[in-house]
$ cat structure.cif   # mmCIF, C-alpha atoms
data_coords
loop_
_atom_site.label_atom_id
_atom_site.label_comp_id
_atom_site.auth_asym_id
_atom_site.auth_seq_id
_atom_site.Cartn_x
_atom_site.Cartn_y
_atom_site.Cartn_z
CA MET A 1351 -9.63 -20.50 -3.32
CA SER A 1352 -12.09 -20.77 -0.44
CA SER A 1353 -9.55 -22.03 2.10
CA ILE A 1354 -7.04 -19.29 1.24
CA ILE A 1355 -6.90 -16.09 3.29
CA LEU A 1356 -5.88 -13.03 1.30
CA ILE A 1357 -5.19 -9.47 2.41
CA ASP A 1358 -5.45 -6.37 0.24
CA VAL A 1359 -2.73 -4.25 1.83
CA HIS A 1360 -3.58 -1.07 -0.08
CA ALA A 1361 -7.05 0.05 -1.17
CA HIS A 1362 -9.19 3.20 -1.40
CA LEU A 1363 -12.75 2.13 -0.64
CA GLU A 1364 -13.58 5.69 0.42
CA ASP A 1365 -13.37 6.67 -3.26
CA GLU A 1366 -16.61 7.97 -4.74
CA LYS A 1367 -16.61 5.09 -7.24
CA PHE A 1368 -17.60 2.83 -4.33
CA SER A 1369 -20.15 5.19 -2.81
CA GLU A 1370 -23.13 3.15 -4.01
CA ASP A 1371 -21.94 -0.39 -3.26
CA VAL A 1372 -19.26 -0.52 -0.56
CA ARG A 1373 -21.08 -3.29 1.29
CA GLU A 1374 -21.44 -5.42 -1.85
CA THR A 1375 -17.79 -4.78 -2.77
CA ILE A 1376 -16.63 -6.00 0.64
CA GLU A 1377 -18.89 -9.05 0.40
CA ARG A 1378 -17.40 -9.94 -3.00
CA ALA A 1379 -13.94 -9.60 -1.50
CA SER A 1380 -14.79 -11.88 1.40
CA ASN A 1381 -16.24 -14.48 -0.97
CA ALA A 1382 -12.95 -14.36 -2.92
CA GLY A 1383 -10.95 -15.05 0.24
CA VAL A 1384 -9.96 -11.44 0.97
CA LYS A 1385 -10.55 -11.15 4.71
CA ARG A 1386 -8.76 -7.85 5.38
CA ILE A 1387 -8.82 -4.64 3.34
CA ILE A 1388 -6.38 -1.93 4.41
CA ASN A 1389 -7.47 1.47 3.15
CA ALA A 1390 -4.82 4.16 2.74
CA GLY A 1391 -5.43 7.80 3.54
CA CYS A 1392 -4.14 10.50 1.20
CA SER A 1393 -5.37 13.57 3.12
CA ILE A 1394 -6.67 14.35 6.58
CA SER A 1395 -10.28 14.22 5.35
CA GLU A 1396 -9.69 10.86 3.64
CA CYS A 1397 -8.15 9.51 6.84
CA GLU A 1398 -11.34 10.42 8.68
CA ALA A 1399 -13.42 8.70 5.98
CA ILE A 1400 -11.47 5.44 6.00
CA ILE A 1401 -11.53 5.27 9.79
CA LYS A 1402 -15.32 5.54 9.60
CA LEU A 1403 -15.33 2.69 7.08
CA SER A 1404 -13.26 0.57 9.46
CA GLU A 1405 -15.77 1.22 12.23
CA GLU A 1406 -18.64 0.09 10.02
CA TYR A 1407 -17.05 -2.95 8.36
CA PRO A 1408 -15.07 -5.57 10.32
CA GLU A 1409 -12.92 -6.39 7.27
CA CYS A 1410 -11.67 -2.81 6.87
CA TYR A 1411 -8.58 -1.34 8.51
CA SER A 1412 -6.66 1.87 7.87
CA ILE A 1413 -3.30 3.50 7.46
CA VAL A 1414 -3.20 7.29 7.72
CA GLY A 1415 -1.10 9.91 5.98
CA VAL A 1416 -0.87 12.79 3.52
CA HIS A 1417 0.00 11.83 -0.07
CA PRO A 1418 2.67 13.84 -1.94
CA HIS A 1419 -0.04 15.12 -4.30
CA ASN A 1420 -1.54 16.87 -1.26
CA ALA A 1421 1.69 18.21 0.23
CA LYS A 1422 0.53 21.81 -0.32
CA GLU A 1423 -2.44 21.11 1.99
CA PHE A 1424 -0.23 19.94 4.87
CA VAL A 1425 -0.50 22.46 7.72
CA GLU A 1426 0.77 22.89 11.24
CA GLY A 1427 -1.17 20.54 13.46
CA ASP A 1428 -1.54 17.76 10.90
CA LEU A 1429 1.15 15.66 12.58
CA GLU A 1430 -0.88 15.86 15.77
CA ARG A 1431 -4.01 14.86 13.87
CA LEU A 1432 -2.23 11.85 12.39
CA THR A 1433 -0.89 10.92 15.82
CA ASP A 1434 -4.41 11.01 17.23
CA PHE A 1435 -5.67 8.84 14.35
CA THR A 1436 -3.07 6.17 15.13
CA LYS A 1437 -4.59 5.68 18.58
CA HIS A 1438 -7.66 4.15 16.92
CA ASN A 1439 -7.73 0.38 17.33
CA LYS A 1440 -8.11 -0.18 13.56
CA VAL A 1441 -5.36 2.17 12.39
CA LEU A 1442 -2.32 0.06 11.59
CA GLY A 1443 0.32 2.53 10.45
CA ILE A 1444 1.27 5.60 8.41
CA GLY A 1445 0.59 5.91 4.67
CA GLU A 1446 0.39 6.53 1.94
CA ILE A 1447 3.24 8.99 2.06
CA GLY A 1448 6.20 9.64 -0.21
CA LEU A 1449 7.30 11.48 -3.35
CA ASP A 1450 5.68 11.69 -6.79
CA TYR A 1451 7.61 13.47 -9.54
CA PHE A 1452 5.53 11.94 -12.34
CA TYR A 1453 2.59 14.28 -11.77
CA ASP A 1454 4.54 16.80 -9.69
CA PHE A 1455 1.42 18.34 -8.16
CA ALA A 1456 3.50 19.94 -5.39
CA PRO A 1457 7.01 21.45 -5.39
CA LYS A 1458 9.68 18.80 -4.89
CA ASN A 1459 11.22 20.46 -1.84
CA LEU A 1460 7.79 20.66 -0.19
CA GLN A 1461 7.05 17.00 -1.01
CA ILE A 1462 10.34 16.00 0.63
CA GLU A 1463 9.67 18.11 3.72
CA VAL A 1464 6.15 16.73 4.24
CA PHE A 1465 7.33 13.19 3.57
CA GLN A 1466 10.23 13.42 6.04
CA LYS A 1467 7.95 14.70 8.80
CA GLN A 1468 5.60 11.74 8.38
CA TRP A 1469 8.46 9.24 8.01
CA GLU A 1470 9.91 10.51 11.29
CA LEU A 1471 6.47 10.32 12.90
CA ALA A 1472 6.16 6.65 11.93
CA ALA A 1473 9.61 5.99 13.40
CA LYS A 1474 8.77 7.87 16.59
CA LEU A 1475 5.48 5.99 17.02
CA ASN A 1476 7.12 2.67 16.05
CA LEU A 1477 4.55 2.11 13.30
CA PRO A 1478 4.86 0.50 9.87
CA VAL A 1479 4.71 2.79 6.85
CA GLU A 1480 3.48 2.40 3.26
CA LEU A 1481 5.28 4.52 0.69
CA HIS A 1482 4.25 5.98 -2.65
CA ILE A 1483 7.42 6.67 -4.65
CA ARG A 1484 7.06 7.43 -8.35
CA ASP A 1485 9.90 8.69 -10.55
CA ALA A 1486 11.56 10.01 -7.41
CA TYR A 1487 14.00 7.39 -6.11
CA ASP A 1488 17.00 9.64 -6.80
CA ASP A 1489 15.68 11.97 -4.10
CA PHE A 1490 13.96 9.37 -1.93
CA PHE A 1491 17.03 7.46 -0.79
CA PRO A 1492 19.03 10.62 0.11
CA SER A 1493 15.97 12.06 1.87
CA ILE A 1494 15.89 9.23 4.46
CA LYS A 1495 19.63 9.01 4.97
CA GLY A 1496 20.45 9.77 8.60
CA LEU A 1497 16.81 9.66 9.69
CA LEU A 1498 15.49 7.11 12.15
CA GLN A 1499 13.74 4.37 10.14
CA PRO A 1500 10.23 3.07 10.91
CA PRO A 1501 10.16 -0.58 12.05
CA LYS A 1502 8.58 -1.80 8.80
CA VAL A 1503 8.62 -0.11 5.39
CA MET A 1504 6.57 -1.13 2.34
CA LEU A 1505 7.02 0.25 -1.17
CA HIS A 1506 3.44 0.19 -2.38
CA CYS A 1507 2.76 -0.57 -6.05
CA PHE A 1508 6.50 -0.90 -6.59
CA SER A 1509 7.60 0.59 -9.91
CA GLY A 1510 11.38 0.73 -9.51
CA ASP A 1511 13.98 -1.25 -11.41
CA LEU A 1512 16.13 -4.13 -10.19
CA ASP A 1513 18.87 -1.86 -8.82
CA ILE A 1514 16.32 0.07 -6.78
CA ALA A 1515 14.84 -3.20 -5.54
CA ARG A 1516 18.30 -4.34 -4.39
CA LYS A 1517 18.91 -1.06 -2.58
CA ALA A 1518 15.51 -1.25 -0.87
CA LEU A 1519 16.09 -4.89 0.10
CA ASP A 1520 19.38 -3.90 1.72
CA LEU A 1521 17.46 -1.40 3.84
CA GLY A 1522 15.04 -4.12 4.95
CA PHE A 1523 12.10 -2.81 2.93
CA GLU A 1524 9.14 -4.86 1.69
CA PHE A 1525 7.21 -4.55 -1.57
CA SER A 1526 3.59 -4.70 -2.67
CA ILE A 1527 2.15 -5.10 -6.14
CA GLY A 1528 -1.31 -5.32 -7.62
CA GLY A 1529 -2.90 -5.65 -11.03
CA VAL A 1530 0.20 -4.25 -12.75
CA LEU A 1531 1.84 -7.66 -12.21
CA THR A 1532 -0.72 -9.21 -14.57
CA PHE A 1533 -0.44 -6.69 -17.43
CA ASN A 1534 0.85 -8.04 -20.74
CA LYS A 1535 3.51 -5.30 -20.87
CA SER A 1536 4.77 -5.93 -17.31
CA GLU A 1537 7.41 -8.59 -17.97
CA LEU A 1538 10.09 -6.51 -16.21
CA THR A 1539 7.86 -6.19 -13.12
CA ARG A 1540 7.35 -9.96 -13.11
CA GLN A 1541 11.11 -10.50 -13.34
CA ILE A 1542 11.67 -8.15 -10.40
CA PHE A 1543 9.08 -9.92 -8.25
CA LYS A 1544 10.62 -13.25 -9.17
CA PHE A 1545 13.89 -11.85 -7.78
CA ILE A 1546 12.40 -10.35 -4.59
CA PRO A 1547 12.39 -12.90 -1.73
CA ASP A 1548 8.98 -14.39 -0.98
CA ASP A 1549 9.00 -13.08 2.59
CA ARG A 1550 9.19 -9.45 1.40
CA ILE A 1551 6.12 -9.51 -0.87
CA HIS A 1552 2.55 -8.26 -0.35
CA LEU A 1553 -0.46 -8.01 -2.65
CA GLU A 1554 -2.74 -5.02 -3.09
CA THR A 1555 -5.26 -3.59 -5.49
CA ASP A 1556 -4.86 0.22 -5.12
CA CYS A 1557 -8.53 0.11 -6.07
CA PRO A 1558 -10.38 1.66 -7.78
CA TYR A 1559 -7.30 1.96 -10.00
CA LEU A 1560 -5.16 -0.59 -11.90
CA ALA A 1561 -7.57 -3.47 -12.40
CA PRO A 1562 -5.76 -6.69 -13.41
CA GLN A 1563 -5.60 -8.17 -16.90
CA GLY A 1564 -9.03 -9.46 -17.85
CA LYS A 1565 -10.69 -6.69 -15.84
CA ARG A 1566 -9.02 -3.73 -17.55
CA GLY A 1567 -11.36 -0.80 -17.99
CA LYS A 1568 -13.45 -1.88 -14.99
CA ILE A 1569 -13.39 -0.49 -11.48
CA ASN A 1570 -10.74 -2.39 -9.56
CA GLU A 1571 -11.86 -3.91 -6.26
CA PRO A 1572 -10.35 -5.98 -3.41
CA ALA A 1573 -11.80 -9.26 -4.72
CA PHE A 1574 -9.38 -9.00 -7.64
CA VAL A 1575 -6.43 -9.83 -5.37
CA SER A 1576 -7.51 -13.41 -6.09
CA ILE A 1577 -6.62 -12.81 -9.75
CA THR A 1578 -3.24 -11.23 -9.08
CA ILE A 1579 -2.14 -14.02 -6.77
CA GLU A 1580 -2.55 -16.52 -9.60
CA THR A 1581 0.00 -14.54 -11.61
CA LEU A 1582 2.31 -14.28 -8.60
CA ALA A 1583 2.20 -18.05 -8.17
CA LYS A 1584 3.23 -18.49 -11.81
CA VAL A 1585 6.05 -15.96 -11.36
CA LYS A 1586 7.28 -17.82 -8.28
CA GLU A 1587 6.72 -21.22 -9.93
CA CYS A 1588 4.70 -22.54 -7.02
CA SER A 1589 1.09 -23.23 -6.09
CA VAL A 1590 -1.36 -20.49 -5.21
CA GLU A 1591 -1.82 -22.14 -1.83
CA HIS A 1592 1.91 -22.03 -1.09
CA ILE A 1593 2.51 -18.37 -1.97
CA SER A 1594 -0.78 -17.21 -0.42
CA GLU A 1595 0.23 -18.67 2.95
CA ILE A 1596 3.59 -16.91 2.76
CA ILE A 1597 2.17 -13.48 1.93
CA PHE A 1598 -0.58 -13.92 4.53
CA GLN A 1599 2.12 -14.42 7.15
CA ASN A 1600 4.05 -11.46 5.69
CA ALA A 1601 1.07 -9.16 6.28
CA LYS A 1602 0.59 -10.44 9.83
CA LYS A 1603 4.23 -9.71 10.62
CA PHE A 1604 4.16 -6.32 8.91
CA PHE A 1605 1.00 -4.94 10.54
CA GLY A 1606 1.11 -6.80 13.84
CA GLU A 1607 -1.55 -7.95 16.27
CA LYS A 1608 -3.90 -5.06 15.47
CA LEU A 1609 -4.75 -6.83 12.21
CA GLY A 1610 -6.71 -9.33 14.30
CA LEU A 1611 -5.69 -12.49 12.48
#
$ encode --input "structure.cif" --output "structure tokens"
Amino acid sequence: MSSIILIDVHAHLEDEKFSEDVRETIERASNAGVKRIINAGCSISECEAIIKLSEEYPECYSIVGVHPHNAKEFVEGDLERLTDFTKHNKVLGIGEIGLDYFYDFAPKNLQIEVFQKQWELAAKLNLPVELHIRDAYDDFFPSIKGLLQPPKVMLHCFSGDLDIARKALDLGFEFSIGGVLTFNKSELTRQIFKFIPDDRIHLETDCPYLAPQGKRGKINEPAFVSITIETLAKVKECSVEHISEIIFQNAKKFFGEKLGL
């Protein structure tokens, strides 16, 4: 795996579970071939924290946004804060934003309103966006109808069915998946990612959550992308080297020159 370059397109290294060993975690990732770790902000304070991480560690980059769980915290002026964050040379886009009706921590109408504002901001700034959509696709697709679309859209930790995947593909969206792909019970997810074209796929960890099979019950970390890609190669019936080169190029195209690769 040493010659392979991997990118974790969605992580949360600002999480308190990494507070004691961020440096060691990043070193393990680098040793596993993971040369870029893109941390996603879920609140204004988290965005500040991940930007600080990116300033301290060359491997770390950021996307900034307010998660649907935190929609009730979204206040006037936050769009300006997010806009200012995007001027940083290691902020690559907007995220993670979206709708989450599984936990439903904020009223649905408020989630939609906060999501639409950030979606439109990404479109206005011509920045890629990473989406968190859980049990909410019936509202998600109508909510973006008629709105200007950001240049690149990724459905992070994709959990939709094949019909949703087709609809998202028709809109030009891309998809990321992490340890869930490796779970014994995830045969449907593997079938969906077999169907999704290679040039629309990204790998992530969503660490510290969703550690892959064989690491279940442990804190997930960016190094584990090297486990997930082995499953992806089996799903795609190709070598790890072949699919890793494709998804490396996918990330470069999605995030652009700021990624520095």
$ residues_around --input "structure.cif" --residues "A:Ala1399" --least-positions-apart "2" --cutoff "12 Å" --atoms "all atoms listed in the file" --output "VMD selection string"
chain A and resid 1362 to 1366 1369 1389 to 1397 1401 to 1406 1410 to 1414 1435
$ write_last_selection --input "structure.cif" --atoms "C-alpha atoms" --output "PDB file, in the coordinates of the input"
ATOM      1  CA  HIS A1362      -9.190   3.200  -1.400  1.00  0.00           C
ATOM      2  CA  LEU A1363     -12.750   2.130  -0.640  1.00  0.00           C
ATOM      3  CA  GLU A1364     -13.580   5.690   0.420  1.00  0.00           C
ATOM      4  CA  ASP A1365     -13.370   6.670  -3.260  1.00  0.00           C
ATOM      5  CA  GLU A1366     -16.610   7.970  -4.740  1.00  0.00           C
ATOM      6  CA  SER A1369     -20.150   5.190  -2.810  1.00  0.00           C
ATOM      7  CA  ASN A1389      -7.470   1.470   3.150  1.00  0.00           C
ATOM      8  CA  ALA A1390      -4.820   4.160   2.740  1.00  0.00           C
ATOM      9  CA  GLY A1391      -5.430   7.800   3.540  1.00  0.00           C
ATOM     10  CA  CYS A1392      -4.140  10.500   1.200  1.00  0.00           C
ATOM     11  CA  SER A1393      -5.370  13.570   3.120  1.00  0.00           C
ATOM     12  CA  ILE A1394      -6.670  14.350   6.580  1.00  0.00           C
ATOM     13  CA  SER A1395     -10.280  14.220   5.350  1.00  0.00           C
ATOM     14  CA  GLU A1396      -9.690  10.860   3.640  1.00  0.00           C
ATOM     15  CA  CYS A1397      -8.150   9.510   6.840  1.00  0.00           C
ATOM     16  CA  ILE A1401     -11.530   5.270   9.790  1.00  0.00           C
ATOM     17  CA  LYS A1402     -15.320   5.540   9.600  1.00  0.00           C
ATOM     18  CA  LEU A1403     -15.330   2.690   7.080  1.00  0.00           C
ATOM     19  CA  SER A1404     -13.260   0.570   9.460  1.00  0.00           C
ATOM     20  CA  GLU A1405     -15.770   1.220  12.230  1.00  0.00           C
ATOM     21  CA  GLU A1406     -18.640   0.090  10.020  1.00  0.00           C
ATOM     22  CA  CYS A1410     -11.670  -2.810   6.870  1.00  0.00           C
ATOM     23  CA  TYR A1411      -8.580  -1.340   8.510  1.00  0.00           C
ATOM     24  CA  SER A1412      -6.660   1.870   7.870  1.00  0.00           C
ATOM     25  CA  ILE A1413      -3.300   3.500   7.460  1.00  0.00           C
ATOM     26  CA  VAL A1414      -3.200   7.290   7.720  1.00  0.00           C
ATOM     27  CA  PHE A1435      -5.670   8.840  14.350  1.00  0.00           C
TER      28      PHE A1435
END
$ closest_residue --input "structure.cif" --among "A:Glu1571, A:Pro1408, A:Gly1564, A:Leu1460" --to "A:Glu1374" --atoms "all atoms listed in the file"
A:Glu1571
$ resolve_selection --input "structure.cif" --expression "the PyMOL selection byres ((chain A and resi 1456) around 12)" --output "list in words"
His1417, Pro1418, His1419, Asn1420, Ala1421, Lys1422, Glu1423, Phe1424, Gly1448, Leu1449, Asp1450, Tyr1451, Phe1452, Tyr1453, Asp1454, Phe1455, Pro1457, Lys1458, Asn1459, Leu1460, Gln1461, Ile1462, Glu1463, Val1464 and Phe1465 of chain A
$ atom_distance --input "structure.cif" --atom1 "atom CA of A:Cys1557" --atom2 "atom CA of A:Arg1431"
25.2 Å
$ resolve_selection --input "structure.cif" --expression "the PyMOL selection byres ((chain A and resi 1530-1538) around 9)" --output "list in words"
Cys1507, Asp1511, Leu1512, Ile1527, Gly1528, Gly1529, Thr1539, Arg1540, Gln1541, Ile1542, Phe1543, Leu1560, Ala1561, Pro1562, Gln1563, Gly1564, Ile1577, Thr1578, Thr1581 and Leu1582 of chain A
$ closest_atom_pairs --input "structure.cif" --of "stretch 1355-1455 of chain A" --to "stretch 1472-1477 of chain A" --cutoff "8 Å" --atoms "only C-alpha atoms" --output "tab-separated table"
residue	atom	partner	partner_atom	distance
A:Leu1442	CA	A:Leu1477	CA	7.4
A:Gly1443	CA	A:Leu1477	CA	5.1
A:Ile1444	CA	A:Ala1472	CA	6.1
$ resolve_selection --input "structure.cif" --expression "the PyMOL selection byres ((chain A and resi 1375) around 12)" --output "compact mmCIF listing (two decimals) with C-alpha atoms, in the frame of the given file"
# COMPACT_ATOMS: atom_id res chain seq x y z
CA ALA A 1361 -7.05 0.05 -1.17
CA HIS A 1362 -9.19 3.20 -1.40
CA LEU A 1363 -12.75 2.13 -0.64
CA GLU A 1364 -13.58 5.69 0.42
CA LYS A 1367 -16.61 5.09 -7.24
CA PHE A 1368 -17.60 2.83 -4.33
CA SER A 1369 -20.15 5.19 -2.81
CA GLU A 1370 -23.13 3.15 -4.01
CA ASP A 1371 -21.94 -0.39 -3.26
CA VAL A 1372 -19.26 -0.52 -0.56
CA ARG A 1373 -21.08 -3.29 1.29
CA GLU A 1374 -21.44 -5.42 -1.85
CA ILE A 1376 -16.63 -6.00 0.64
CA GLU A 1377 -18.89 -9.05 0.40
CA ARG A 1378 -17.40 -9.94 -3.00
CA ALA A 1379 -13.94 -9.60 -1.50
CA SER A 1380 -14.79 -11.88 1.40
CA ASN A 1381 -16.24 -14.48 -0.97
CA ALA A 1382 -12.95 -14.36 -2.92
CA VAL A 1384 -9.96 -11.44 0.97
CA ILE A 1387 -8.82 -4.64 3.34
CA TYR A 1407 -17.05 -2.95 8.36
CA GLU A 1409 -12.92 -6.39 7.27
CA CYS A 1410 -11.67 -2.81 6.87
CA CYS A 1557 -8.53 0.11 -6.07
CA PRO A 1558 -10.38 1.66 -7.78
CA ILE A 1569 -13.39 -0.49 -11.48
CA ASN A 1570 -10.74 -2.39 -9.56
CA GLU A 1571 -11.86 -3.91 -6.26
CA PRO A 1572 -10.35 -5.98 -3.41
CA ALA A 1573 -11.80 -9.26 -4.72
CA PHE A 1574 -9.38 -9.00 -7.64
$ residues_around --input "structure.cif" --residues "stretch 1588-1593 of chain A" --least-positions-apart "2" --cutoff "12 Å" --atoms "all atoms listed in the file" --output "NGL selection string"
:A and (1351-1356 or 1383 or 1544 or 1547-1553 or 1575-1586 or 1595-1600)
$ write_last_selection --input "structure.cif" --atoms "C-alpha atoms" --output "PDB file, in the coordinates of the input"
ATOM      1  CA  MET A1351      -9.630 -20.500  -3.320  1.00  0.00           C
ATOM      2  CA  SER A1352     -12.090 -20.770  -0.440  1.00  0.00           C
ATOM      3  CA  SER A1353      -9.550 -22.030   2.100  1.00  0.00           C
ATOM      4  CA  ILE A1354      -7.040 -19.290   1.240  1.00  0.00           C
ATOM      5  CA  ILE A1355      -6.900 -16.090   3.290  1.00  0.00           C
ATOM      6  CA  LEU A1356      -5.880 -13.030   1.300  1.00  0.00           C
ATOM      7  CA  GLY A1383     -10.950 -15.050   0.240  1.00  0.00           C
ATOM      8  CA  LYS A1544      10.620 -13.250  -9.170  1.00  0.00           C
ATOM      9  CA  PRO A1547      12.390 -12.900  -1.730  1.00  0.00           C
ATOM     10  CA  ASP A1548       8.980 -14.390  -0.980  1.00  0.00           C
ATOM     11  CA  ASP A1549       9.000 -13.080   2.590  1.00  0.00           C
ATOM     12  CA  ARG A1550       9.190  -9.450   1.400  1.00  0.00           C
ATOM     13  CA  ILE A1551       6.120  -9.510  -0.870  1.00  0.00           C
ATOM     14  CA  HIS A1552       2.550  -8.260  -0.350  1.00  0.00           C
ATOM     15  CA  LEU A1553      -0.460  -8.010  -2.650  1.00  0.00           C
ATOM     16  CA  VAL A1575      -6.430  -9.830  -5.370  1.00  0.00           C
ATOM     17  CA  SER A1576      -7.510 -13.410  -6.090  1.00  0.00           C
ATOM     18  CA  ILE A1577      -6.620 -12.810  -9.750  1.00  0.00           C
ATOM     19  CA  THR A1578      -3.240 -11.230  -9.080  1.00  0.00           C
ATOM     20  CA  ILE A1579      -2.140 -14.020  -6.770  1.00  0.00           C
ATOM     21  CA  GLU A1580      -2.550 -16.520  -9.600  1.00  0.00           C
ATOM     22  CA  THR A1581       0.000 -14.540 -11.610  1.00  0.00           C
ATOM     23  CA  LEU A1582       2.310 -14.280  -8.600  1.00  0.00           C
ATOM     24  CA  ALA A1583       2.200 -18.050  -8.170  1.00  0.00           C
ATOM     25  CA  LYS A1584       3.230 -18.490 -11.810  1.00  0.00           C
ATOM     26  CA  VAL A1585       6.050 -15.960 -11.360  1.00  0.00           C
ATOM     27  CA  LYS A1586       7.280 -17.820  -8.280  1.00  0.00           C
ATOM     28  CA  GLU A1595       0.230 -18.670   2.950  1.00  0.00           C
ATOM     29  CA  ILE A1596       3.590 -16.910   2.760  1.00  0.00           C
ATOM     30  CA  ILE A1597       2.170 -13.480   1.930  1.00  0.00           C
ATOM     31  CA  PHE A1598      -0.580 -13.920   4.530  1.00  0.00           C
ATOM     32  CA  GLN A1599       2.120 -14.420   7.150  1.00  0.00           C
ATOM     33  CA  ASN A1600       4.050 -11.460   5.690  1.00  0.00           C
TER      34      ASN A1600
END
$ atom_distance --input "structure.cif" --atom1 "atom CA of A:Lys1565" --atom2 "atom CA of A:Ala1601"
25.2 Å
$ closest_residue --input "structure.cif" --among "A:Lys1437, A:Lys1608, A:Lys1385, A:Lys1517" --to "A:Phe1490" --atoms "all atoms listed in the file"
A:Lys1517
$ atom_distance --input "structure.cif" --atom1 "atom CA of A:Gly1522" --atom2 "atom CA of A:Phe1491"
13.1 Å
$ residues_near_point --input "structure.cif" --point "(12.1, -1.2, -1.9)" --cutoff "10 Å" --atoms "all atoms listed in the file" --output "ChimeraX atom specification"
/A:1481,1483,1487,1503-1506,1508-1526,1546,1550
$ closest_residue --input "structure.cif" --among "A:Asp1489, A:Leu1429, A:Lys1495, A:Pro1501" --to "A:Lys1467" --atoms "all atoms listed in the file"
A:Leu1429
$ residues_around --input "structure.cif" --residues "A:Leu1497" --least-positions-apart "2" --cutoff "10 Å" --atoms "only C-alpha atoms" --output "PyMOL selection string"
chain A and resi 1466+1469-1470+1473+1492-1495+1499-1500
$ axis_aligned_box --input "structure.cif" --around "stretch 1558-1561 of chain A" --padding-each-side "3 Å" --output "JSON"
{"center_x": -7.8, "center_y": -0.8, "center_z": -10.1, "size_x": 11.2, "size_y": 11.4, "size_z": 10.6}
$ closest_residue --input "structure.cif" --among "A:Arg1484, A:Gly1427, A:Lys1568, A:Lys1502" --to "A:Lys1603" --atoms "only C-alpha atoms"
A:Lys1502
$ decode --input "structure.cif" --residues "stretch 1370-1411 of chain A" --atoms "C-alpha atoms" --output "compact mmCIF listing (two decimals), in the first residue's frame"
# COMPACT_ATOMS: atom_id res chain seq x y z
CA GLU A 1370 -4.68 13.16 23.39
CA ASP A 1371 -3.16 11.76 20.20
CA VAL A 1372 -3.99 13.83 17.11
CA ARG A 1373 -0.36 13.87 16.00
CA GLU A 1374 0.01 10.10 16.35
CA THR A 1375 -3.32 9.56 14.56
CA ILE A 1376 -2.16 11.65 11.60
CA GLU A 1377 1.18 9.83 11.52
CA ARG A 1378 -0.61 6.46 11.40
CA ALA A 1379 -2.73 7.76 8.55
CA SER A 1380 0.30 8.92 6.60
CA ASN A 1381 2.01 5.57 7.12
CA ALA A 1382 -1.13 3.89 5.70
CA GLY A 1383 -0.99 6.05 2.57
CA VAL A 1384 -3.57 8.63 3.66
CA LYS A 1385 -1.93 11.91 2.66
CA ARG A 1386 -4.93 14.25 3.03
CA ILE A 1387 -7.55 14.36 5.78
CA ILE A 1388 -10.51 16.67 5.20
CA ASN A 1389 -12.22 17.57 8.45
CA ALA A 1390 -15.86 18.64 8.32
CA GLY A 1391 -17.29 21.36 10.51
CA CYS A 1392 -20.69 20.88 12.15
CA SER A 1393 -20.92 24.23 13.98
CA ILE A 1394 -19.18 27.58 13.88
CA SER A 1395 -16.98 26.63 16.85
CA GLU A 1396 -16.03 23.32 15.22
CA CYS A 1397 -15.15 25.15 12.02
CA GLU A 1398 -12.73 27.30 13.99
CA ALA A 1399 -11.23 24.18 15.59
CA ILE A 1400 -10.67 22.30 12.34
CA ILE A 1401 -9.12 25.34 10.68
CA LYS A 1402 -6.65 25.48 13.57
CA LEU A 1403 -5.88 21.80 12.99
CA SER A 1404 -5.22 22.50 9.32
CA GLU A 1405 -2.79 25.26 10.28
CA GLU A 1406 -0.88 22.90 12.57
CA TYR A 1407 -0.83 19.77 10.40
CA PRO A 1408 0.05 19.85 6.68
CA GLU A 1409 -2.13 16.78 5.99
CA CYS A 1410 -5.30 18.41 7.35
CA TYR A 1411 -7.77 20.47 5.34
